[in-house]
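The file work.txt comes next; it holds compact mmCIF, C-alpha atoms.
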# COMPACT_ATOMS: atom_id res chain seq x y z
CA ASP A 119 0.00 0.00 0.00
CA GLN A 120 1.68 3.16 -1.21
CA GLN A 121 0.91 5.98 1.18
CA VAL A 122 2.56 8.69 -0.93
CA LYS A 123 1.93 8.74 -4.65
CA GLN A 124 3.38 10.72 -7.51
CA ASN A 125 1.32 9.70 -10.50
CA SER A 126 3.35 11.50 -13.15
CA PRO A 127 6.65 9.71 -13.75
CA SER A 128 7.93 12.47 -15.98
CA LEU A 129 7.31 16.09 -16.94
CA ARG A 130 8.80 18.25 -19.70
CA VAL A 131 8.61 22.04 -19.44
CA GLN A 132 10.05 24.86 -21.50
CA GLU A 133 12.60 27.10 -19.83
CA GLY A 134 10.96 30.12 -18.21
CA ARG A 135 7.59 28.45 -17.83
CA ILE A 136 6.01 27.03 -14.68
CA SER A 137 6.66 23.45 -13.59
CA ILE A 138 3.95 21.86 -11.45
CA LEU A 139 4.70 18.57 -9.72
CA ASN A 140 1.91 16.78 -7.90
CA CYS A 141 1.75 14.43 -4.96
CA ASP A 142 -1.11 12.62 -3.20
CA TYR A 143 -1.11 10.91 0.17
CA THR A 144 -3.49 8.60 1.96
CA ASN A 145 -2.44 8.63 5.62
CA SER A 146 -4.35 11.25 7.68
CA MET A 147 -1.64 11.13 10.34
CA PHE A 148 0.88 12.84 8.03
CA ASP A 149 1.33 16.43 9.12
CA TYR A 150 4.65 17.45 7.58
CA PHE A 151 5.49 17.27 3.92
CA LEU A 152 8.75 17.70 2.06
CA TRP A 153 10.08 17.91 -1.46
CA TYR A 154 13.48 16.58 -2.40
CA LYS A 155 15.46 16.95 -5.60
CA LYS A 156 17.77 14.19 -6.80
CA TYR A 157 20.43 14.15 -9.46
CA PRO A 158 21.78 10.85 -10.83
CA ALA A 159 24.33 9.12 -8.60
CA GLU A 160 23.64 11.53 -5.72
CA GLY A 161 21.48 11.42 -2.62
CA PRO A 162 18.24 13.42 -2.44
CA THR A 163 18.66 17.07 -1.49
CA PHE A 164 16.04 18.81 0.64
CA LEU A 165 14.21 21.52 -1.26
CA ILE A 166 11.21 22.84 0.64
CA SER A 167 8.70 21.68 3.22
CA ILE A 168 5.28 22.54 4.58
CA SER A 169 3.50 21.87 7.82
CA SER A 170 -0.15 20.84 7.84
CA ILE A 171 -1.05 24.07 9.66
CA LYS A 172 -0.24 25.97 6.49
CA ASP A 173 -1.54 25.76 2.96
CA LYS A 174 1.36 27.46 1.23
CA ASN A 175 5.08 27.89 1.69
CA GLU A 176 7.32 29.86 -0.63
CA ASP A 177 11.09 29.92 -1.02
CA GLY A 178 12.38 31.86 -3.98
CA ARG A 179 11.28 30.17 -7.19
CA PHE A 180 9.78 27.24 -5.28
CA THR A 181 6.30 27.18 -3.76
CA VAL A 182 4.56 24.24 -2.16
CA PHE A 183 0.79 24.14 -1.83
CA LEU A 184 -1.08 21.83 0.51
CA ASN A 185 -4.74 20.86 0.22
CA LYS A 186 -5.46 18.81 3.32
CA SER A 187 -9.05 17.98 2.45
CA ALA A 188 -7.92 16.48 -0.86
CA LYS A 189 -4.74 15.02 0.66
CA HIS A 190 -2.83 16.63 -2.15
CA LEU A 191 0.25 18.78 -2.42
CA SER A 192 2.04 20.35 -5.31
CA LEU A 193 5.39 21.97 -6.00
CA HIS A 194 5.51 24.96 -8.32
CA ILE A 195 8.77 26.11 -9.87
CA VAL A 196 8.64 29.53 -11.50
CA PRO A 197 10.47 30.27 -13.71
CA SER A 198 11.82 26.85 -14.59
CA GLN A 199 15.52 26.62 -15.47
CA PRO A 200 17.50 23.87 -17.21
CA GLY A 201 19.40 23.29 -13.94
CA ASP A 202 16.10 22.26 -12.35
CA SER A 203 16.13 19.10 -14.45
CA ALA A 204 16.22 16.27 -11.91
CA VAL A 205 13.98 13.73 -10.19
CA TYR A 206 11.70 15.29 -7.58
CA PHE A 207 10.48 13.23 -4.64
CA CYS A 208 7.58 14.07 -2.40
CA ALA A 209 7.82 12.82 1.20
CA ALA A 210 5.54 12.84 4.22
CA THR A 211 5.87 12.15 7.91
CA SER A 212 3.98 12.34 11.16
CA THR A 213 5.69 14.57 13.72
CA SER A 214 3.83 12.98 16.62
CA GLY A 215 5.34 9.54 16.31
CA THR A 216 8.54 7.90 15.19
CA TYR A 217 10.11 10.03 12.50
CA LYS A 218 9.53 8.01 9.34
CA TYR A 219 9.79 9.79 6.04
CA ILE A 220 7.64 8.03 3.45
CA PHE A 221 8.54 8.82 -0.14
CA GLY A 222 6.74 8.77 -3.45
CA THR A 223 8.17 7.23 -6.61
CA GLY A 224 9.43 10.53 -7.97
CA THR A 225 8.77 12.68 -11.02
CA ARG A 226 11.54 13.25 -13.54
CA LEU A 227 11.49 16.89 -14.61
CA LYS A 228 13.17 17.95 -17.82
CA VAL A 229 13.42 21.67 -18.46
CA LEU A 230 14.07 22.40 -22.10
CA ALA A 231 16.30 25.28 -23.07
CA GLU B 6 27.93 18.54 1.01
CA THR B 7 24.97 17.66 3.24
CA GLY B 8 26.91 16.71 6.35
CA VAL B 9 26.10 13.04 5.85
CA THR B 10 28.92 10.91 4.43
CA GLN B 11 28.56 7.39 3.11
CA THR B 12 31.32 4.94 2.25
CA PRO B 13 31.98 3.26 -0.04
CA ARG B 14 30.26 5.03 -2.94
CA HIS B 15 30.27 1.86 -5.02
CA LEU B 16 30.43 -1.78 -3.98
CA VAL B 17 30.38 -5.00 -5.96
CA MET B 18 30.06 -8.15 -3.92
CA GLY B 19 29.43 -11.82 -4.48
CA MET B 20 26.49 -13.60 -2.91
CA THR B 21 28.71 -15.32 -0.36
CA ASN B 22 30.61 -12.20 0.69
CA LYS B 23 30.23 -10.16 3.85
CA LYS B 24 30.57 -6.41 3.59
CA SER B 25 29.52 -3.32 5.51
CA LEU B 26 28.22 0.09 4.50
CA LYS B 27 29.17 3.04 6.66
CA CYS B 28 27.39 6.30 7.32
CA GLU B 29 28.59 9.25 9.38
CA GLN B 30 26.81 12.52 10.10
CA HIS B 31 28.30 15.75 11.41
CA LEU B 32 25.02 17.57 12.01
CA GLY B 33 24.41 16.76 15.65
CA HIS B 34 21.30 14.79 14.73
CA ASN B 35 19.90 12.00 16.86
CA ALA B 36 17.91 10.04 14.29
CA MET B 37 19.48 8.02 11.48
CA TYR B 38 17.93 6.05 8.66
CA TRP B 39 18.70 3.48 6.00
CA TYR B 40 16.74 3.66 2.75
CA LYS B 41 16.90 1.46 -0.33
CA GLN B 42 16.25 2.82 -3.80
CA SER B 43 15.59 0.32 -6.57
CA ALA B 44 14.78 1.24 -10.14
CA LYS B 45 11.27 2.65 -10.63
CA LYS B 46 10.37 2.20 -6.97
CA PRO B 47 9.94 4.74 -4.19
CA LEU B 48 12.67 5.12 -1.60
CA GLU B 49 11.98 2.24 0.74
CA LEU B 50 12.55 2.86 4.43
CA MET B 51 14.58 0.01 5.94
CA PHE B 52 15.61 1.00 9.46
CA VAL B 53 15.27 3.96 11.83
CA TYR B 54 17.42 4.67 14.87
CA ASN B 55 16.62 7.29 17.48
CA PHE B 56 19.28 8.01 20.09
CA LYS B 57 21.06 4.78 19.08
CA GLU B 58 17.94 2.67 19.62
CA GLN B 59 16.29 0.93 16.67
CA THR B 60 12.72 2.21 16.43
CA GLU B 61 11.76 0.86 13.04
CA ASN B 62 12.51 -2.30 11.09
CA ASN B 63 10.41 -2.28 7.96
CA SER B 64 10.30 -6.07 7.54
CA VAL B 65 13.84 -6.14 6.22
CA PRO B 66 15.39 -9.60 5.62
CA SER B 67 17.94 -10.68 8.21
CA ARG B 68 20.72 -10.68 5.61
CA PHE B 69 20.74 -6.91 6.26
CA SER B 70 21.94 -6.15 9.77
CA PRO B 71 22.13 -2.54 11.00
CA GLU B 72 24.34 -1.24 13.76
CA CYS B 73 24.29 2.17 15.43
CA PRO B 74 27.15 2.49 17.94
CA ASN B 75 26.47 6.19 18.56
CA SER B 76 24.27 8.98 17.22
CA SER B 77 26.84 9.96 14.59
CA HIS B 78 27.51 6.57 13.01
CA LEU B 79 25.35 3.99 11.31
CA PHE B 80 26.39 0.76 9.64
CA LEU B 81 24.61 -1.73 7.44
CA HIS B 82 26.21 -5.17 7.53
CA LEU B 83 25.53 -7.32 4.49
CA HIS B 84 25.85 -11.07 4.14
CA THR B 85 24.62 -13.70 1.69
CA LEU B 86 22.83 -11.12 -0.42
CA GLN B 87 20.85 -11.87 -3.56
CA PRO B 88 21.17 -10.19 -6.97
CA GLU B 89 17.80 -8.49 -6.39
CA ASP B 90 19.39 -6.65 -3.46
CA SER B 91 21.38 -4.61 -5.95
CA ALA B 92 20.27 -1.01 -5.43
CA LEU B 93 21.28 2.41 -4.18
CA TYR B 94 21.45 2.40 -0.39
CA LEU B 95 20.93 5.79 1.19
CA CYS B 96 21.64 6.93 4.71
CA ALA B 97 19.90 9.94 6.21
CA SER B 98 19.78 11.79 9.51
CA SER B 99 17.44 14.23 11.19
CA ARG B 100 16.80 15.87 14.51
CA SER B 101 14.77 13.70 16.79
CA GLY B 102 12.01 14.68 19.18
CA THR B 103 9.06 16.95 18.51
CA GLY B 104 8.62 19.52 15.80
CA SER B 105 8.97 19.61 12.06
CA THR B 106 12.33 18.73 10.66
CA GLU B 107 13.81 17.50 7.44
CA ALA B 108 16.08 14.56 6.79
CA PHE B 109 19.48 15.05 5.18
CA PHE B 110 20.80 12.35 2.90
CA GLY B 111 24.22 11.06 2.06
CA GLN B 112 25.39 10.42 -1.50
CA GLY B 113 24.45 6.77 -1.29
CA THR B 114 26.26 3.50 -1.92
CA ARG B 115 25.59 1.85 -5.26
CA LEU B 116 25.57 -1.87 -4.46
CA THR B 117 25.82 -4.56 -7.09
CA VAL B 118 25.43 -8.20 -6.05
CA VAL B 119 26.87 -10.68 -8.54

Could you write out this structure as C-alpha cells?
Amino acid sequence: DQQVKQNSPSLRVQEGRISILNCDYTNSMFDYFLWYKKYPAEGPTFLISISSIKDKNEDGRFTVFLNKSAKHLSLHIVPSQPGDSAVYFCAATSTSGTYKYIFGTGTRLKVLA
Amino acid sequence: ETGVTQTPRHLVMGMTNKKSLKCEQHLGHNAMYWYKQSAKKPLELMFVYNFKEQTENNSVPSRFSPECPNSSHLFLHLHTLQPEDSALYLCASSRSGTGSTEAFFGQGTRLTVV
C-alpha cells in the first residue's frame, strides 16, 4: 500500500515556464510534507517543506501548496531553469510519532532550453 | 555537502561475501535512517534509529543487519545477499524529538550483487 503517490513519472517544461509537480497521500496522520530533488548518482537534497497548519510555503522560485481535504500537495517552480532538471520526490511524515519519512516514486522533470 | 557521508560510494560483492556500508553525520542529529532505492520504486525505508535505539525495522530480511554504535555513526552489515538486493542504499539523519524537521541524505552506496 503506497501511502505517498506521484502519479506522473515524468514532466517536460520549457525554460521560463512554470513546472507543477503533484503528490497525493493517503495517511491522515501525516502532518509534515517535504520535497526533495535528486540528481543521478547523488542522494536526495532537501528543497522545501510545509506543515499541515499551512496551505502554502514559498522559497524563492519554489512554492509548495497543501490541500489537506484532498490530501494533495504540489510543487511549483517559477520560472523553470535547465538546472532544475532532476527527479523530484515528495515525502511525508507524522511529527507525533517515530520520524519516518515516506517517499513517493518521484517525477523526472526535464526543463528544455 | 549535506553533512552526511557514506562509504563506499560503489560496492560490488558476491552472494557469499560479507561487507559493511558506513554512514557518518556531522550535524548533531539524533535520528538516522537506511533507505533502499531500486529502479522505478519509491525510496523504501529500511531501518530507523533514534538516540542509538532501533525504532523501526520495515520487515527487512535478516541478511541486512544494521548497527548504530552512537548517534553519529550507522552501519549496514551485508551477508549472503541476492542479486535483487542490488540497489542504491541511502543513509539519512534528522533531529529527533518533537517539531517539524527535514532529513538530510548522504550520497548513497551503489551496491551490485553478482

- Item | Contact set, chain B to chain A: 9 Å, only C-alpha atoms, as a ChimeraX atom specification | /B:7,36,38,45-50,53,55,60-61,93,95-96,99,101-115

- Of B:Lys41, B:Asn35, B:Pro66, B:Met20, the one nearest to B:Leu86 when counting all atoms listed in the file is B:Met20

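Nearest-residue note for B:Pro88: choosing from B:Phe69, B:Leu116, B:Pro74, B:Gln11, the minimum distance belongs to B:Leu116, counting only C-alpha atoms.
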
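Across the structure, atom CA of A:Gly201 and atom CA of A:Lys228 are spaced 9.1 Å apart.
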
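Reported to one decimal place, the separation of atom CA of B:Leu26 from atom CA of B:Tyr94 is 8.7 Å.
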
- Polymer residues at most 9 Å from B:His82, all atoms listed in the file, same-chain spacing of 3 or more positions, as a PyMOL selection string: chain B and resi 23-27+68-72

If you keep C-alpha atoms, can you produce a file of those selected residues as a JSON list (two decimals), in the frame of the given file?
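This is the output file out_35.json:
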[["chain", "number", "residue", "atom", "x", "y", "z"],
["B", 23, "LYS", "CA", 30.23, -10.16, 3.85],
["B", 24, "LYS", "CA", 30.57, -6.41, 3.59],
["B", 25, "SER", "CA", 29.52, -3.32, 5.51],
["B", 26, "LEU", "CA", 28.22, 0.09, 4.50],
["B", 27, "LYS", "CA", 29.17, 3.04, 6.66],
["B", 68, "ARG", "CA", 20.72, -10.68, 5.61],
["B", 69, "PHE", "CA", 20.74, -6.91, 6.26],
["B", 70, "SER", "CA", 21.94, -6.15, 9.77],
["B", 71, "PRO", "CA", 22.13, -2.54, 11.00],
["B", 72, "GLU", "CA", 24.34, -1.24, 13.76]]

Please produce stretch 76-93 of chain B, completed to N, CA, C and O atoms, as a JSON list (two decimals), keeping the file's coordinate frame.
[["chain", "number", "residue", "atom", "x", "y", "z"],
["B", 76, "SER", "N", 25.20, 8.19, 18.03],
["B", 76, "SER", "CA", 24.27, 8.98, 17.22],
["B", 76, "SER", "C", 24.88, 9.50, 15.92],
["B", 76, "SER", "O", 24.14, 9.97, 15.05],
["B", 77, "SER", "N", 26.19, 9.42, 15.78],
["B", 77, "SER", "CA", 26.84, 9.96, 14.59],
["B", 77, "SER", "C", 27.15, 8.90, 13.54],
["B", 77, "SER", "O", 27.48, 9.24, 12.41],
["B", 78, "HIS", "N", 27.09, 7.64, 13.91],
["B", 78, "HIS", "CA", 27.51, 6.57, 13.01],
["B", 78, "HIS", "C", 26.44, 5.51, 12.85],
["B", 78, "HIS", "O", 25.77, 5.13, 13.82],
["B", 79, "LEU", "N", 26.32, 5.03, 11.63],
["B", 79, "LEU", "CA", 25.35, 3.99, 11.31],
["B", 79, "LEU", "C", 25.99, 3.05, 10.31],
["B", 79, "LEU", "O", 26.63, 3.50, 9.35],
["B", 80, "PHE", "N", 25.83, 1.76, 10.55],
["B", 80, "PHE", "CA", 26.39, 0.76, 9.64],
["B", 80, "PHE", "C", 25.26, -0.13, 9.13],
["B", 80, "PHE", "O", 24.22, -0.29, 9.78],
["B", 81, "LEU", "N", 25.50, -0.69, 7.96],
["B", 81, "LEU", "CA", 24.61, -1.73, 7.44],
["B", 81, "LEU", "C", 25.49, -2.89, 7.03],
["B", 81, "LEU", "O", 26.25, -2.80, 6.06],
["B", 82, "HIS", "N", 25.40, -3.98, 7.80],
["B", 82, "HIS", "CA", 26.21, -5.17, 7.53],
["B", 82, "HIS", "C", 25.44, -6.08, 6.57],
["B", 82, "HIS", "O", 24.24, -6.33, 6.77],
["B", 83, "LEU", "N", 26.15, -6.54, 5.56],
["B", 83, "LEU", "CA", 25.53, -7.32, 4.49],
["B", 83, "LEU", "C", 26.14, -8.71, 4.42],
["B", 83, "LEU", "O", 27.37, -8.84, 4.47],
["B", 84, "HIS", "N", 25.31, -9.72, 4.31],
["B", 84, "HIS", "CA", 25.85, -11.07, 4.14],
["B", 84, "HIS", "C", 24.86, -11.94, 3.39],
["B", 84, "HIS", "O", 23.64, -11.83, 3.59],
["B", 85, "THR", "N", 25.39, -12.78, 2.55],
["B", 85, "THR", "CA", 24.62, -13.70, 1.69],
["B", 85, "THR", "C", 23.49, -12.97, 0.98],
["B", 85, "THR", "O", 22.31, -13.37, 1.05],
["B", 86, "LEU", "N", 23.84, -11.89, 0.31],
["B", 86, "LEU", "CA", 22.83, -11.12, -0.42],
["B", 86, "LEU", "C", 22.46, -11.82, -1.72],
["B", 86, "LEU", "O", 23.15, -12.71, -2.20],
["B", 87, "GLN", "N", 21.35, -11.36, -2.30],
["B", 87, "GLN", "CA", 20.85, -11.87, -3.56],
["B", 87, "GLN", "C", 21.02, -10.80, -4.64],
["B", 87, "GLN", "O", 21.07, -9.61, -4.33],
["B", 88, "PRO", "N", 21.05, -11.20, -5.90],
["B", 88, "PRO", "CA", 21.17, -10.19, -6.97],
["B", 88, "PRO", "C", 20.08, -9.12, -6.92],
["B", 88, "PRO", "O", 20.34, -7.97, -7.25],
["B", 89, "GLU", "N", 18.89, -9.49, -6.46],
["B", 89, "GLU", "CA", 17.80, -8.49, -6.39],
["B", 89, "GLU", "C", 18.01, -7.45, -5.29],
["B", 89, "GLU", "O", 17.25, -6.48, -5.20],
["B", 90, "ASP", "N", 19.04, -7.65, -4.47],
["B", 90, "ASP", "CA", 19.39, -6.65, -3.46],
["B", 90, "ASP", "C", 20.23, -5.53, -4.05],
["B", 90, "ASP", "O", 20.52, -4.54, -3.35],
["B", 91, "SER", "N", 20.62, -5.68, -5.29],
["B", 91, "SER", "CA", 21.38, -4.61, -5.95],
["B", 91, "SER", "C", 20.51, -3.36, -6.02],
["B", 91, "SER", "O", 19.37, -3.41, -6.49],
["B", 92, "ALA", "N", 21.04, -2.25, -5.51],
["B", 92, "ALA", "CA", 20.27, -1.01, -5.43],
["B", 92, "ALA", "C", 21.17, 0.10, -4.93],
["B", 92, "ALA", "O", 22.35, -0.12, -4.64],
["B", 93, "LEU", "N", 20.60, 1.28, -4.82],
["B", 93, "LEU", "CA", 21.28, 2.41, -4.18],
["B", 93, "LEU", "C", 20.82, 2.46, -2.73],
["B", 93, "LEU", "O", 19.63, 2.53, -2.45]]
